[in-house]
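A.B. asks: Handing you a structure now.
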Amino acid sequence: MRDIERQTLTRAPTLIARKCGCGDWAGFGFTKGDRDDWWCWKHYPYKTSARLEAAEIAATLDSRAA
């Protein structure tokens, strides 16, 4: 769909901010029925080893830049 063909918004989009149990912003999770499970990356229970390794590398690079 091109921008020209798209209908204009009739109301402002609703922003939904999810929070982890620790209080940090949570971008990993799902809402299904009455269940609403969201986690920050530190507490995300479904990390794969590749994702975990990438997160550790990014944390190392951040600590070196600081």
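A note on labels: chains of the structure tokens are A, B, ... as shown, every chain counts residues from 1, and ligands are counted from 1 in their shown order.
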Would you mind writing down, as a PyMOL selection string, each residue of chain A that DSSP on the backbone assigns to strand (DSSP E)?
C.D. replies: chain A and resi 28-32+35-39
A.B. asks: Could you save those same residues with N, CA and C atoms as a compact mmCIF listing (two decimals), in the first residue's frame?
C.D. replies:
```txt
# COMPACT_ATOMS: atom_id res chain seq x y z
N PHE A 28 9.41 -7.58 24.95
CA PHE A 28 9.35 -8.99 24.58
C PHE A 28 8.22 -9.65 25.35
N GLY A 29 7.25 -10.19 24.64
CA GLY A 29 6.16 -10.86 25.32
C GLY A 29 4.95 -10.99 24.43
N PHE A 30 3.80 -11.24 25.06
CA PHE A 30 2.58 -11.43 24.31
C PHE A 30 1.37 -11.21 25.21
N THR A 31 0.25 -10.96 24.57
CA THR A 31 -1.03 -10.90 25.25
C THR A 31 -1.92 -11.92 24.59
N LYS A 32 -2.44 -12.84 25.35
CA LYS A 32 -3.31 -13.88 24.80
C LYS A 32 -4.43 -14.14 25.79
N ARG A 35 -4.24 -13.49 29.66
CA ARG A 35 -2.83 -13.58 30.05
C ARG A 35 -2.04 -12.47 29.38
N ASP A 36 -1.27 -11.75 30.15
CA ASP A 36 -0.49 -10.62 29.64
C ASP A 36 0.93 -10.73 30.20
N ASP A 37 1.82 -11.39 29.44
CA ASP A 37 3.18 -11.63 29.90
C ASP A 37 4.16 -10.80 29.08
N TRP A 38 4.89 -9.91 29.75
CA TRP A 38 5.87 -9.06 29.08
C TRP A 38 7.13 -8.99 29.93
N TRP A 39 8.31 -8.98 29.25
CA TRP A 39 9.58 -8.96 29.95
C TRP A 39 10.55 -7.98 29.31
```
A.B. asks: Could you pull out all residues of chain A with a DSSP call of alpha helix (DSSP H) and give them as a ChimeraX atom specification?
C.D. replies: /A:49-65
A.B. asks: Extract, using only C-alpha atoms, all DNA, RNA and protein residues at most 8 Å from range 8-22 of chain A, discarding same-chain residues fewer than 3 positions from it, and format them as a short mmCIF file (atom, residue, chain, number, x, y, z; two decimals) with C-alpha atoms, in the first residue's frame.
C.D. replies:
```cif
data_model
loop_
_atom_site.label_atom_id
_atom_site.label_comp_id
_atom_site.auth_asym_id
_atom_site.auth_seq_id
_atom_site.Cartn_x
_atom_site.Cartn_y
_atom_site.Cartn_z
CA TRP A 25 10.29 -1.20 29.68
CA ALA A 26 9.28 -4.58 28.26
CA GLY A 27 9.46 -5.20 24.53
CA TRP A 38 5.87 -9.06 29.08
CA TRP A 39 9.58 -8.96 29.95
CA CYS A 40 12.63 -6.74 29.54
CA HIS A 43 14.35 -11.21 32.30
#
```
A.B. asks: Do you have the CA of Arg64 in chain A-CA of Gly23 in chain A distance handy?
C.D. replies: 26.0 Å
A.B. asks: Report the distance between CA of Lys42 in chain A and CA of Ile57 in chain A in Å, rounded to one decimal place.
C.D. replies: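 Pair CA of Lys42 in chain A / CA of Ile57 in chain A returns 13.8 Å.
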A.B. asks: In Å, with one decimal, what is the gap from CA of Ala65 in chain A to CA of Thr48 in chain A?
C.D. replies: 25.8 Å
A.B. asks: Taking only C-alpha atoms into account, which of A:Glu5, A:Trp41, A:Asp24, A:Asp34 comes nearest Ala59 in chain A?
C.D. replies: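 Result for the nearest residue to Ala59 in chain A: A:Trp41.
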